[in-house]
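Visitor: My structure is in data02.tsv, and what it holds is TSV, C-alpha atoms and all ligand atoms:
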chain	number	residue	atom	x	y	z
A	1164	MET	CA	0.00	0.00	0.00
A	1165	ARG	CA	1.31	3.43	-0.87
A	1166	ILE	CA	0.50	7.04	-1.61
A	1167	THR	CA	0.89	7.38	-5.37
A	1168	ASP	CA	0.19	11.10	-5.73
A	1169	VAL	CA	-0.49	14.08	-3.52
A	1170	ARG	CA	-1.72	17.37	-4.91
A	1171	GLU	CA	-2.74	20.87	-3.82
A	1172	LYS	CA	-4.88	23.46	-5.52
A	1173	THR	CA	-5.88	26.86	-4.19
A	1174	PHE	CA	-9.52	27.99	-4.54
A	1175	SER	CA	-11.07	31.39	-3.94
A	1176	ILE	CA	-13.67	31.69	-1.18
A	1177	ALA	CA	-13.84	35.46	-1.53
A	1178	SER	CA	-16.96	37.31	-0.40
A	1179	PRO	CA	-17.83	40.86	0.70
A	1180	ILE	CA	-18.40	39.90	4.36
A	1181	ALA	CA	-16.27	41.30	7.19
A	1182	ASN	CA	-15.69	40.60	10.86
A	1183	ALA	CA	-14.13	43.07	13.32
A	1184	TYR	CA	-10.64	42.26	12.07
A	1185	ILE	CA	-10.65	41.24	8.41
A	1186	ASP	CA	-12.78	41.22	5.33
A	1187	PHE	CA	-12.93	38.12	3.16
A	1188	SER	CA	-12.52	39.87	-0.20
A	1189	LYS	CA	-9.34	37.95	-1.03
A	1190	MET	CA	-9.85	34.78	1.06
A	1191	THR	CA	-8.51	31.53	-0.39
A	1192	CYS	CA	-8.55	27.88	0.60
A	1193	SER	CA	-6.20	24.99	-0.19
A	1194	VAL	CA	-7.62	21.65	-1.22
A	1195	VAL	CA	-5.38	18.58	-1.03
A	1196	ALA	CA	-5.88	15.13	-2.55
A	1197	VAL	CA	-3.95	12.10	-1.31
A	1198	VAL	CA	-4.16	9.36	-3.95
A	1199	THR	CA	-3.43	5.78	-2.90
A	1200	ASP	CA	-3.00	2.48	-4.70
A	1201	VAL	CA	-5.69	0.85	-2.53
A	1202	ILE	CA	-8.69	-0.19	-4.61
A	1203	ARG	CA	-12.21	0.10	-3.21
A	1204	ASP	CA	-15.30	-0.33	-5.42
A	1205	GLY	CA	-12.99	-0.75	-8.40
A	1206	LYS	CA	-11.28	2.64	-7.94
A	1207	PRO	CA	-8.19	3.92	-6.13
A	1208	VAL	CA	-8.96	5.39	-2.71
A	1209	ILE	CA	-8.43	9.16	-2.70
A	1210	GLY	CA	-8.51	11.21	0.50
A	1211	TYR	CA	-9.45	14.89	0.37
A	1212	GLY	CA	-8.84	17.75	2.75
A	1213	PHE	CA	-9.16	21.52	2.86
A	1214	ASN	CA	-8.21	24.30	5.21
A	1215	SER	CA	-10.71	26.27	7.24
A	1216	ASN	CA	-11.72	29.82	6.47
A	1217	GLY	CA	-9.90	32.69	8.09
A	1218	ARG	CA	-6.40	31.59	7.10
A	1219	TYR	CA	-5.38	31.71	3.49
A	1220	GLY	CA	-4.53	28.72	1.31
A	1221	ALA	CA	-1.15	27.19	2.12
A	1222	GLY	CA	-0.11	26.15	-1.40
A	1223	GLY	CA	3.38	27.65	-1.17
A	1224	LEU	CA	4.28	25.82	2.03
A	1225	LEU	CA	2.71	22.61	0.77
A	1226	ARG	CA	4.54	22.67	-2.55
A	1227	ASP	CA	7.88	23.79	-1.09
A	1228	ARG	CA	8.15	21.55	1.96
A	1229	PHE	CA	5.33	19.28	3.08
A	1230	LEU	CA	4.28	17.49	-0.10
A	1231	PRO	CA	7.88	16.81	-1.26
A	1232	ARG	CA	8.63	15.19	2.13
A	1233	LEU	CA	5.73	12.80	1.60
A	1234	ARG	CA	6.73	12.08	-1.99
A	1235	GLU	CA	10.34	11.42	-1.02
A	1236	ALA	CA	9.54	9.17	1.97
A	1237	ASP	CA	10.00	5.42	1.74
A	1238	PRO	CA	6.35	4.28	1.38
A	1239	LYS	CA	6.92	1.60	4.03
A	1240	THR	CA	7.52	4.28	6.65
A	1241	LEU	CA	3.99	5.69	6.18
A	1242	ILE	CA	2.08	2.47	6.81
A	1243	ASP	CA	0.12	1.28	9.84
A	1244	GLU	CA	0.89	-2.43	9.59
A	1245	ALA	CA	-1.39	-3.49	12.46
A	1246	ASN	CA	-4.46	-2.03	10.73
A	1247	ASP	CA	-3.29	-2.56	7.14
A	1248	ASN	CA	-3.81	1.14	6.45
A	1249	LEU	CA	-1.98	4.44	6.10
A	1250	ASP	CA	-0.62	5.73	9.40
A	1251	PRO	CA	-1.64	9.36	10.05
A	1252	PHE	CA	0.88	9.60	12.90
A	1253	ARG	CA	3.86	8.44	10.84
A	1254	ILE	CA	2.75	10.64	7.94
A	1255	TRP	CA	2.54	13.59	10.33
A	1256	LYS	CA	6.04	12.89	11.64
A	1257	THR	CA	7.39	12.71	8.11
A	1258	MET	CA	5.82	16.04	7.18
A	1259	MET	CA	7.23	17.65	10.32
A	1260	SER	CA	10.78	16.39	9.91
A	1261	ASN	CA	13.33	19.22	10.06
A	1262	GLU	CA	10.76	21.61	11.52
A	1263	LYS	CA	11.77	23.38	14.74
A	1264	PRO	CA	9.28	23.53	17.63
A	1265	GLY	CA	7.36	26.70	18.53
A	1266	GLY	CA	6.54	29.71	16.36
A	1267	HIS	CA	3.74	27.72	14.82
A	1268	GLY	CA	2.84	30.32	12.21
A	1269	GLU	CA	0.82	28.90	9.36
A	1270	ARG	CA	2.65	25.69	8.58
A	1271	SER	CA	0.00	24.24	10.93
A	1272	VAL	CA	-2.57	25.04	8.22
A	1273	ALA	CA	-0.56	23.20	5.57
A	1274	VAL	CA	-0.10	20.12	7.76
A	1275	GLY	CA	-3.72	20.21	8.98
A	1276	THR	CA	-4.98	20.19	5.39
A	1277	VAL	CA	-2.94	17.12	4.43
A	1278	ASP	CA	-3.86	15.42	7.71
A	1279	MET	CA	-7.58	15.79	6.87
A	1280	ALA	CA	-7.00	14.11	3.52
A	1281	VAL	CA	-5.04	11.30	5.17
A	1282	TRP	CA	-7.82	10.55	7.70
A	1283	ASP	CA	-10.37	10.64	4.88
A	1284	ALA	CA	-8.29	8.01	3.06
A	1285	VAL	CA	-7.77	5.96	6.23
A	1286	ALA	CA	-11.52	5.79	6.90
A	1287	LYS	CA	-12.24	4.94	3.25
A	1288	ILE	CA	-9.65	2.14	3.32
A	1289	ALA	CA	-11.24	0.84	6.53
A	1290	GLY	CA	-14.69	1.13	4.89
A	1291	GLN	CA	-16.10	3.24	7.72
A	1292	PRO	CA	-17.41	6.77	8.21
A	1293	LEU	CA	-14.55	8.59	9.97
A	1294	TYR	CA	-16.54	9.23	13.15
A	1295	ARG	CA	-17.14	5.49	13.58
A	1296	LEU	CA	-13.47	4.69	13.01
A	1297	LEU	CA	-12.52	7.30	15.64
A	1298	ALA	CA	-15.04	5.97	18.15
A	1299	ASP	CA	-13.78	2.41	17.57
A	1300	ARG	CA	-10.15	3.38	17.98
A	1301	TYR	CA	-10.42	5.88	20.83
A	1302	ARG	CA	-13.82	5.68	22.56
A	1303	ASP	CA	-14.62	1.97	22.94
A	1304	GLY	CA	-16.89	2.08	19.92
A	1305	GLN	CA	-19.26	4.65	21.44
A	1306	ALA	CA	-20.06	7.40	18.92
A	1307	ASP	CA	-22.64	10.18	19.22
A	1308	ASP	CA	-25.19	9.72	16.44
A	1309	LYS	CA	-25.93	13.43	16.27
A	1310	VAL	CA	-23.98	16.59	17.03
A	1311	TRP	CA	-25.13	19.95	18.40
A	1312	VAL	CA	-24.45	22.73	15.90
A	1313	TYR	CA	-24.98	26.48	15.92
A	1314	ALA	CA	-25.40	28.82	12.97
A	1315	ALA	CA	-22.53	31.29	12.56
A	1316	GLY	CA	-23.12	34.40	10.50
A	1317	GLY	CA	-24.19	37.90	11.39
A	1318	TYR	CA	-21.27	39.39	9.47
A	1319	TYR	CA	-20.90	43.02	8.60
A	1320	TYR	CA	-21.27	43.89	4.97
A	1321	PRO	CA	-21.94	47.07	3.06
A	1322	GLY	CA	-25.54	48.22	3.33
A	1323	LYS	CA	-26.60	45.49	5.76
A	1324	ASP	CA	-29.23	46.97	8.08
A	1325	HIS	CA	-31.04	45.51	11.10
A	1326	LYS	CA	-33.77	44.17	8.88
A	1327	ALA	CA	-31.33	42.16	6.78
A	1328	LEU	CA	-29.59	40.90	9.93
A	1329	GLN	CA	-32.91	39.84	11.40
A	1330	ALA	CA	-33.94	38.08	8.18
A	1331	GLU	CA	-30.64	36.18	8.16
A	1332	MET	CA	-31.13	35.02	11.75
A	1333	GLN	CA	-34.75	34.09	11.16
A	1334	SER	CA	-33.68	31.93	8.23
A	1335	TYR	CA	-31.25	30.01	10.48
A	1336	LEU	CA	-34.06	29.33	12.96
A	1337	ASP	CA	-36.27	28.25	10.05
A	1338	ARG	CA	-33.56	25.75	9.06
A	1339	GLY	CA	-33.60	24.08	12.47
A	1340	TYR	CA	-30.87	25.90	14.41
A	1341	ARG	CA	-31.53	26.86	18.04
A	1342	VAL	CA	-28.44	29.03	18.64
A	1343	VAL	CA	-27.04	31.65	16.24
A	1344	LYS	CA	-23.84	33.71	16.27
A	1345	MET	CA	-23.17	37.25	15.11
A	1346	LYS	CA	-20.12	39.46	14.77
A	1347	ILE	CA	-19.40	42.39	17.07
A	1348	GLY	CA	-16.54	44.86	17.40
A	1349	ALA	CA	-16.39	46.52	13.98
A	1350	VAL	CA	-18.64	49.43	15.01
A	1351	PRO	CA	-18.99	51.44	18.26
A	1352	LEU	CA	-20.44	49.62	21.29
A	1353	GLU	CA	-23.79	51.42	21.13
A	1354	GLU	CA	-24.28	50.38	17.52
A	1355	ASP	CA	-23.40	46.75	18.31
A	1356	LEU	CA	-25.87	46.77	21.19
A	1357	SER	CA	-28.59	47.93	18.87
A	1358	ARG	CA	-27.67	45.12	16.40
A	1359	ILE	CA	-27.73	42.61	19.27
A	1360	GLU	CA	-31.13	43.82	20.42
A	1361	ALA	CA	-32.47	43.52	16.89
A	1362	VAL	CA	-31.32	39.88	16.77
A	1363	LEU	CA	-32.71	39.15	20.25
A	1364	LYS	CA	-36.13	40.18	18.93
A	1365	ILE	CA	-35.83	37.24	16.52
A	1366	VAL	CA	-34.19	34.56	18.67
A	1367	GLY	CA	-36.16	35.51	21.76
A	1368	ASP	CA	-33.62	34.86	24.48
A	1369	GLY	CA	-29.94	35.72	25.07
A	1370	SER	CA	-29.14	32.06	25.68
A	1371	ARG	CA	-29.75	31.52	21.94
A	1372	LEU	CA	-27.24	34.14	20.76
A	1373	ALA	CA	-23.42	34.05	20.75
A	1374	VAL	CA	-21.28	37.07	19.80
A	1375	ASP	CA	-17.78	37.07	18.29
A	1376	ALA	CA	-15.32	40.00	18.47
A	1377	ASN	CA	-12.58	38.21	16.48
A	1378	GLY	CA	-9.82	39.35	18.81
A	1379	ARG	CA	-10.42	43.05	18.19
A	1380	PHE	CA	-10.53	44.53	21.72
A	1381	ASP	CA	-7.93	45.88	24.11
A	1382	LEU	CA	-8.65	45.16	27.78
A	1383	PRO	CA	-10.67	48.33	28.55
A	1384	THR	CA	-12.86	47.79	25.47
A	1385	ALA	CA	-13.27	44.07	26.24
A	1386	ILE	CA	-14.40	45.01	29.76
A	1387	ALA	CA	-16.77	47.71	28.50
A	1388	TYR	CA	-18.40	45.16	26.20
A	1389	ALA	CA	-18.46	42.58	29.03
A	1390	LYS	CA	-20.39	44.99	31.26
A	1391	ALA	CA	-22.83	45.87	28.49
A	1392	LEU	CA	-23.34	42.24	27.37
A	1393	ARG	CA	-23.76	40.75	30.83
A	1394	PRO	CA	-27.50	41.47	31.26
A	1395	TYR	CA	-28.35	39.71	27.99
A	1396	GLY	CA	-27.26	36.28	29.32
A	1397	LEU	CA	-25.68	35.35	25.97
A	1398	PHE	CA	-24.68	31.83	24.92
A	1399	TRP	CA	-21.04	33.00	24.72
A	1400	TYR	CA	-18.78	36.06	24.27
A	1401	GLU	CA	-16.05	34.96	21.82
A	1402	GLU	CA	-12.46	36.05	21.19
A	1403	ALA	CA	-12.68	39.37	22.99
A	1404	GLY	CA	-8.95	40.11	22.77
A	1405	ASP	CA	-5.87	39.05	20.86
A	1406	PRO	CA	-5.78	35.24	20.67
A	1407	LEU	CA	-2.30	35.08	22.22
A	1408	ASP	CA	-2.98	37.61	25.00
A	1409	TYR	CA	-3.72	35.12	27.77
A	1410	ALA	CA	-3.40	37.80	30.45
A	1411	LEU	CA	-6.16	39.84	28.81
A	1412	GLN	CA	-8.46	36.81	28.77
A	1413	ALA	CA	-7.63	36.10	32.44
A	1414	GLU	CA	-8.19	39.71	33.47
A	1415	LEU	CA	-11.49	39.82	31.62
A	1416	ALA	CA	-12.93	36.76	33.40
A	1417	PRO	CA	-13.82	38.47	36.70
A	1418	HIS	CA	-15.80	41.05	34.71
A	1419	TYR	CA	-17.90	38.47	32.89
A	1420	ALA	CA	-19.51	35.62	34.79
A	1421	ASN	CA	-21.33	34.28	31.72
A	1422	PRO	CA	-19.66	31.85	29.28
A	1423	MET	CA	-16.79	32.97	27.07
A	1424	ALA	CA	-15.20	31.17	24.12
A	1425	THR	CA	-11.85	31.35	22.38
A	1426	GLY	CA	-9.11	29.25	20.76
A	1427	GLU	CA	-9.77	29.31	17.01
A	1428	ASN	CA	-6.43	31.05	16.42
A	1429	LEU	CA	-4.34	28.76	18.61
A	1430	PHE	CA	-2.66	26.25	16.35
A	1431	SER	CA	-0.91	23.71	18.54
A	1432	HIS	CA	-1.46	21.75	21.73
A	1433	GLN	CA	1.25	23.85	23.36
A	1434	ASP	CA	-0.61	27.09	22.59
A	1435	ALA	CA	-3.86	25.50	23.79
A	1436	ARG	CA	-2.09	24.46	26.98
A	1437	ASN	CA	-0.89	28.00	27.54
A	1438	LEU	CA	-4.45	29.24	27.19
A	1439	LEU	CA	-5.56	26.84	29.92
A	1440	ARG	CA	-2.53	27.61	32.08
A	1441	TYR	CA	-2.65	31.39	31.84
A	1442	GLY	CA	-5.94	32.48	30.26
A	1443	GLY	CA	-8.26	32.12	33.25
A	1444	MET	CA	-10.65	29.94	31.23
A	1445	ARG	CA	-13.30	28.27	33.41
A	1446	SER	CA	-13.88	24.55	32.81
A	1447	ASP	CA	-17.44	24.70	34.18
A	1448	ARG	CA	-18.76	27.20	31.62
A	1449	ASP	CA	-16.29	28.38	28.96
A	1450	TRP	CA	-15.84	26.94	25.46
A	1451	LEU	CA	-12.72	26.04	23.47
A	1452	GLN	CA	-12.71	26.40	19.69
A	1453	PHE	CA	-9.44	24.88	18.41
A	1454	ASP	CA	-9.89	23.93	14.75
A	1455	CYS	CA	-7.92	20.86	13.62
A	1456	ALA	CA	-7.84	22.04	10.00
A	1457	LEU	CA	-5.84	25.12	11.01
A	1458	SER	CA	-3.77	23.49	13.71
A	1459	TYR	CA	-1.78	20.51	12.41
A	1460	GLY	CA	-4.80	18.26	11.99
A	1461	LEU	CA	-6.37	15.48	14.00
A	1462	VAL	CA	-3.01	13.95	14.98
A	1463	GLU	CA	-2.30	17.15	16.89
A	1464	TYR	CA	-5.92	17.49	18.05
A	1465	LEU	CA	-5.61	14.12	19.78
A	1466	ARG	CA	-2.66	15.56	21.72
A	1467	THR	CA	-4.78	18.59	22.58
A	1468	LEU	CA	-7.54	16.28	23.85
A	1469	ASP	CA	-5.02	14.42	26.06
A	1470	MET	CA	-3.71	17.73	27.37
A	1471	LEU	CA	-7.25	18.93	28.12
A	1472	LYS	CA	-8.00	15.78	30.08
A	1473	ALA	CA	-4.81	16.18	32.08
A	1474	GLN	CA	-5.91	19.75	32.94
A	1475	GLY	CA	-9.29	18.49	34.14
A	1476	TRP	CA	-11.37	19.67	31.18
A	1477	SER	CA	-14.18	17.64	29.60
A	1478	SER	CA	-14.05	17.13	25.83
A	1479	ARG	CA	-17.67	18.36	25.87
A	1480	ARG	CA	-16.35	21.92	26.38
A	1481	LEU	CA	-14.89	21.81	22.83
A	1482	VAL	CA	-16.90	23.28	19.97
A	1483	PRO	CA	-14.44	23.68	17.09
A	1484	HIS	CA	-14.32	26.65	14.76
A	1485	GLY	CA	-14.63	26.12	11.04
A	1486	GLY	CA	-17.99	24.53	10.26
A	1487	HIS	CA	-16.49	21.63	8.32
A	1488	GLN	CA	-17.32	17.96	8.13
A	1489	MET	CA	-13.94	16.91	9.57
A	1490	SER	CA	-14.71	18.53	12.92
A	1491	LEU	CA	-18.25	17.14	12.74
A	1492	ASN	CA	-16.76	13.63	12.56
A	1493	ILE	CA	-14.39	14.41	15.42
A	1494	ALA	CA	-17.27	15.81	17.49
A	1495	ALA	CA	-19.38	12.66	16.98
A	1496	GLY	CA	-16.53	10.16	17.28
A	1497	LEU	CA	-14.58	11.74	20.13
A	1498	HIS	CA	-17.44	13.19	22.18
A	1499	LEU	CA	-17.01	16.95	21.74
A	1500	GLY	CA	-19.68	19.45	22.77
A	1501	GLY	CA	-20.68	20.36	19.23
A	1502	ASN	CA	-19.53	22.01	16.04
A	1503	GLU	CA	-19.78	25.35	14.28
A	1504	SER	CA	-21.90	25.62	11.16
A	1505	TYR	CA	-21.97	28.31	8.47
A	1506	PRO	CA	-25.31	27.81	6.74
A	1507	ASP	CA	-24.64	30.54	4.16
A	1508	VAL	CA	-21.03	31.77	4.18
A	1509	PHE	CA	-17.84	30.15	2.81
A	1510	LYS	CA	-19.70	28.09	0.23
A	1511	PRO	CA	-19.15	25.37	-0.87
A	1512	PHE	CA	-16.78	24.46	1.98
A	1513	CYS	CA	-19.36	25.19	4.66
A	1514	GLY	CA	-22.26	22.96	5.62
A	1515	PHE	CA	-22.91	19.27	5.92
A	1516	ALA	CA	-23.94	16.35	3.73
A	1517	ASP	CA	-26.82	16.71	1.29
A	1518	GLY	CA	-30.22	15.78	2.62
A	1519	ILE	CA	-29.18	15.90	6.27
A	1520	ALA	CA	-31.26	18.56	7.94
A	1521	VAL	CA	-30.59	20.32	11.22
A	1522	GLU	CA	-33.28	19.31	13.68
A	1523	ASN	CA	-33.78	21.17	16.89
A	1524	GLY	CA	-30.12	22.25	16.81
A	1525	TYR	CA	-28.65	18.82	16.06
A	1526	VAL	CA	-27.30	17.28	12.87
A	1527	GLY	CA	-26.65	13.65	11.89
A	1528	LEU	CA	-23.78	12.29	9.82
A	1529	PRO	CA	-23.72	10.40	6.52
A	1530	GLN	CA	-22.87	6.69	6.63
A	1531	ALA	CA	-20.52	6.63	3.61
A	1532	PRO	CA	-16.87	5.73	4.27
A	1533	GLY	CA	-14.55	8.69	4.94
A	1534	VAL	CA	-15.24	12.23	6.08
A	1535	GLY	CA	-18.32	12.46	3.85
A	1536	PHE	CA	-17.19	14.92	1.16
A	1537	GLU	CA	-18.69	12.80	-1.62
A	1538	GLU	CA	-22.06	13.14	0.12
A	1539	LYS	CA	-22.00	16.90	-0.38
A	1540	SER	CA	-22.33	17.35	-4.10
A	1541	GLU	CA	-21.67	21.11	-4.32
A	1542	LEU	CA	-18.39	20.68	-2.45
A	1543	PHE	CA	-17.29	17.47	-4.10
A	1544	SER	CA	-17.79	18.80	-7.61
A	1545	VAL	CA	-15.20	21.48	-6.75
A	1546	MET	CA	-12.84	19.20	-4.81
A	1547	LYS	CA	-12.50	16.57	-7.48
A	1548	THR	CA	-11.30	19.13	-10.07
A	1549	ILE	CA	-7.95	19.06	-8.26
A	1550	LEU	CA	-7.16	15.83	-10.09
A	1551	ASP	CA	-8.12	17.10	-13.57
B	1601	LIG	O1	-15.06	35.45	10.84
B	1601	LIG	C1	-14.26	34.52	11.03
B	1601	LIG	O2	-13.03	34.68	10.89
B	1601	LIG	C2	-14.76	33.19	11.47
B	1601	LIG	C3	-14.91	33.12	12.94
B	1601	LIG	O3	-14.36	33.87	13.71
B	1601	LIG	C4	-15.80	32.11	13.50
B	1601	LIG	O4	-16.42	31.39	12.74
B	1601	LIG	O5	-15.89	32.04	14.72
B	1602	MG	MG	-14.66	33.27	15.78
Please render this file's structure as structure tokens.
Ligand SMILES: O=C([O-])CC(=O)C(=O)O
Ligand SMILES: [Mg+2]
Guide:
Amino acid sequence: MRITDVREKTFSIASPIANAYIDFSKMTCSVVAVVTDVIRDGKPVIGYGFNSNGRYGAGGLLRDRFLPRLREADPKTLIDEANDNLDPFRIWKTMMSNEKPGGHGERSVAVGTVDMAVWDAVAKIAGQPLYRLLADRYRDGQADDKVWVYAAGGYYYPGKDHKALQAEMQSYLDRGYRVVKMKIGAVPLEEDLSRIEAVLKIVGDGSRLAVDANGRFDLPTAIAYAKALRPYGLFWYEEAGDPLDYALQAELAPHYANPMATGENLFSHQDARNLLRYGGMRSDRDWLQFDCALSYGLVEYLRTLDMLKAQGWSSRRLVPHGGHQMSLNIAAGLHLGGNESYPDVFKPFCGFADGIAVENGYVGLPQAPGVGFEEKSELFSVMKTILD
């Protein structure tokens, strides 16, 4: 068994939306295909992966360093002999050879993208949906058959008034979501409060609305928002300050007793550990949003899960950023608290398999082998062009 080809192609996911920190007018996304010589249903098994929104495609890093290392490796060193499959851990080690620790930068995006494709291939070779394979290997066969998801949107874009924001949120509720998320921090506090109140008129209760500042605030601004948000009893207050400013997060906590969330821009288990060591995050109410696709993949995410356990955190406090099917499989197979969903933005990389509806805030998973990309026709028709 061997990898016969591995390819990357960069796609545009540009749109006019903006959060408090960036607009997405030039956003791109890498897709990777890992082609194997294993035949299933008369065809070679091909694993696919892509990187999450918010970080740009990693084609340069992939072409310069990570894909050549895989191509040059002795195929025998990439195999899991016990399971007669590819070995994601050995593949990860090969990709990371001659890489110094620390300063994680964005190579974690490149490696995370390949890692997704490798796990997709591994599950296809095993003939199982990925979440079942993960539950069998790591959770005594116990998988969740549905996953809690929330609808992320509420972006700023030119000309978007309260009415449009309310219509967007109403449409998420109409599609079965119970909790929605909106952006804050790109306009003055008073204006954000009026946007929030407009959305509360639609969702009814603060416990059904999360807000996301995308790391925009300094400590005084984060505290001013905390004080203003507190009475609403929101689902969570996300990424108030710079993702690496653990002291800010810790100093904010006493000002905000309600749940907070952060972690989407921490790309390694060491950075995640620093958040738990120094960020004042509270294991009884706060949420952690590490996204495997941006942070060295599931091989690294398993280390993060071990670290979390050692620090006394439940895996149910994890709700990954990114709204992709890979994290949905991880959530179901490894017992996370839920997953993000983007019903309308970042198409076609957002959303779940065709014909699987959100019901009362929960979504099921397709039963096809792999991550389930082939079950999402709009996405797969784009993904497969990488091999043309
Ligand atoms: O706007 C973004 O960069 C995405 C984001 O923060 C989220 O989904 O939580
Ligand atoms: Mg966010």
Visitor: Leaving out stretch 1336-1348 of chain A and any residue of its chain fewer than 2 positions from it, which residues lie within 8 Å of it when counting only C-alpha atoms, given as a compact mmCIF listing (two decimals) with C-alpha atoms, in the coordinates of the input?
Guide:
# COMPACT_ATOMS: atom_id res chain seq x y z
CA ASN A 1182 -15.69 40.60 10.86
CA ALA A 1183 -14.13 43.07 13.32
CA VAL A 1312 -24.45 22.73 15.90
CA TYR A 1313 -24.98 26.48 15.92
CA ALA A 1314 -25.40 28.82 12.97
CA ALA A 1315 -22.53 31.29 12.56
CA GLY A 1316 -23.12 34.40 10.50
CA GLY A 1317 -24.19 37.90 11.39
CA TYR A 1318 -21.27 39.39 9.47
CA TYR A 1319 -20.90 43.02 8.60
CA MET A 1332 -31.13 35.02 11.75
CA GLN A 1333 -34.75 34.09 11.16
CA SER A 1334 -33.68 31.93 8.23
CA VAL A 1350 -18.64 49.43 15.01
CA PRO A 1351 -18.99 51.44 18.26
CA LEU A 1352 -20.44 49.62 21.29
CA ASP A 1355 -23.40 46.75 18.31
CA VAL A 1366 -34.19 34.56 18.67
CA SER A 1370 -29.14 32.06 25.68
CA ARG A 1371 -29.75 31.52 21.94
CA LEU A 1372 -27.24 34.14 20.76
CA ALA A 1373 -23.42 34.05 20.75
CA VAL A 1374 -21.28 37.07 19.80
CA ASP A 1375 -17.78 37.07 18.29
CA ALA A 1376 -15.32 40.00 18.47
CA ASN A 1377 -12.58 38.21 16.48
CA ARG A 1379 -10.42 43.05 18.19
CA PHE A 1380 -10.53 44.53 21.72
CA PHE A 1398 -24.68 31.83 24.92
CA ALA A 1520 -31.26 18.56 7.94
CA VAL A 1521 -30.59 20.32 11.22
CA GLU A 1522 -33.28 19.31 13.68
CA ASN A 1523 -33.78 21.17 16.89
CA GLY A 1524 -30.12 22.25 16.81
CA TYR A 1525 -28.65 18.82 16.06
Visitor: Calculated over only C-alpha atoms, which of the candidates A:Gly1426, A:Gly1275, A:Gly1496, A:Gly1475 has the smallest distance to A:Gly1304?
Guide: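 For A:Gly1304, the nearest of the candidates is A:Gly1496.
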Visitor: What's the separation between atom CA of A:Lys1539 and atom CA of A:Gln1488, in Å to one decimal place?
Guide: 9.8 Å
Visitor: Which residues are near A:Ser1544? Cut-off 10 Å, all atoms listed in the file, ignore same chain within fewer than 6 positions. Put them as a ChimeraX atom specification.
Guide: /A:1511,1536-1537
Visitor: Pick from A:Leu1491, A:Leu1397, A:Ala1416, A:Ala1181: nearest to ligand LIG 1601 (chain B), with only C-alpha atoms and all ligand atoms counted?
Guide: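 Among the listed residues, A:Ala1181 lies closest to ligand LIG 1601 (chain B).
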Visitor: Show me the residues close to (-2.8, 21.9, 11.5) - anything with an atom within 6 Å, counting all atoms listed in the file - and format the list as an MDAnalysis selection string.
Guide: chainID A and resid 1271:1272 1274:1275 1455:1460
Visitor: In Å, rounded to a single decimal, give me how far atom CA of A:Lys1256 is from atom CA of A:Thr1240.
Guide: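 Between atom CA of A:Thr1240 and atom CA of A:Lys1256 the gap is 10.1 Å.
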Visitor: Between A:Asp1186, A:His1484, A:Phe1453, A:Ser1178, which is the closest to A:Ala1349 once you count all atoms listed in the file?
Guide: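 With all atoms listed in the file as the atom set, the closest residue is A:Asp1186.
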Visitor: When distances are computed from all atoms listed in the file, which of A:Gln1305, A:Asn1216, A:Gln1329, A:Ser1540 shows the smallest separation from ligand LIG 1601 (chain B)?
Guide: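 When distances to ligand LIG 1601 (chain B) are compared using all atoms listed in the file, the smallest one comes from A:Asn1216.
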Visitor: For ligand LIG 1601 (chain B), what centre and edge lengths in Å (one decimal) does the axis-aligned box get once 6 Å is added on each side of all its listed atoms, as JSON?
Guide:
{"center_x": -14.7, "center_y": 33.4, "center_z": 12.8, "size_x": 15.4, "size_y": 16.1, "size_z": 15.9}
Visitor: Which residue gives the smallest distance to ligand LIG 1601 (chain B) among A:Phe1543, A:Tyr1505, A:Trp1450, A:Tyr1441, with all atoms listed in the file counted?
Guide: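 When distances to ligand LIG 1601 (chain B) are compared using all atoms listed in the file, the smallest one comes from A:Tyr1505.
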Visitor: Can you work out which one of A:Leu1296, A:Val1482, A:Met1258, A:His1432 has the shortest atom-to-atom distance to A:Leu1468, counting all atoms listed in the file?
Guide: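 For A:Leu1468, the nearest of the given residues is A:His1432.
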Visitor: Just need stretch 1504-1510 of chain A in a file, please: N, CA and C atoms, as an mmCIF file, in the first residue's frame.
Guide:
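File written: part_6.cif
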data_model
loop_
_atom_site.group_PDB
_atom_site.id
_atom_site.type_symbol
_atom_site.label_atom_id
_atom_site.label_comp_id
_atom_site.auth_asym_id
_atom_site.auth_seq_id
_atom_site.Cartn_x
_atom_site.Cartn_y
_atom_site.Cartn_z
ATOM 1 N N SER A 1504 -21.319 25.814 12.490
ATOM 2 C CA SER A 1504 -21.901 25.622 11.156
ATOM 3 C C SER A 1504 -22.062 26.989 10.505
ATOM 4 N N TYR A 1505 -21.728 27.072 9.224
ATOM 5 C CA TYR A 1505 -21.973 28.308 8.469
ATOM 6 C C TYR A 1505 -23.029 27.980 7.422
ATOM 7 N N PRO A 1506 -24.287 28.210 7.716
ATOM 8 C CA PRO A 1506 -25.309 27.815 6.738
ATOM 9 C C PRO A 1506 -25.160 28.538 5.404
ATOM 10 N N ASP A 1507 -24.639 29.761 5.407
ATOM 11 C CA ASP A 1507 -24.638 30.544 4.164
ATOM 12 C C ASP A 1507 -23.280 31.063 3.706
ATOM 13 N N VAL A 1508 -22.310 31.189 4.603
ATOM 14 C CA VAL A 1508 -21.025 31.770 4.182
ATOM 15 C C VAL A 1508 -19.996 30.675 3.918
ATOM 16 N N PHE A 1509 -18.962 31.044 3.158
ATOM 17 C CA PHE A 1509 -17.843 30.149 2.812
ATOM 18 C C PHE A 1509 -18.261 28.957 1.954
ATOM 19 N N LYS A 1510 -19.279 29.159 1.139
ATOM 20 C CA LYS A 1510 -19.703 28.085 0.233
ATOM 21 C C LYS A 1510 -18.606 27.795 -0.782
#
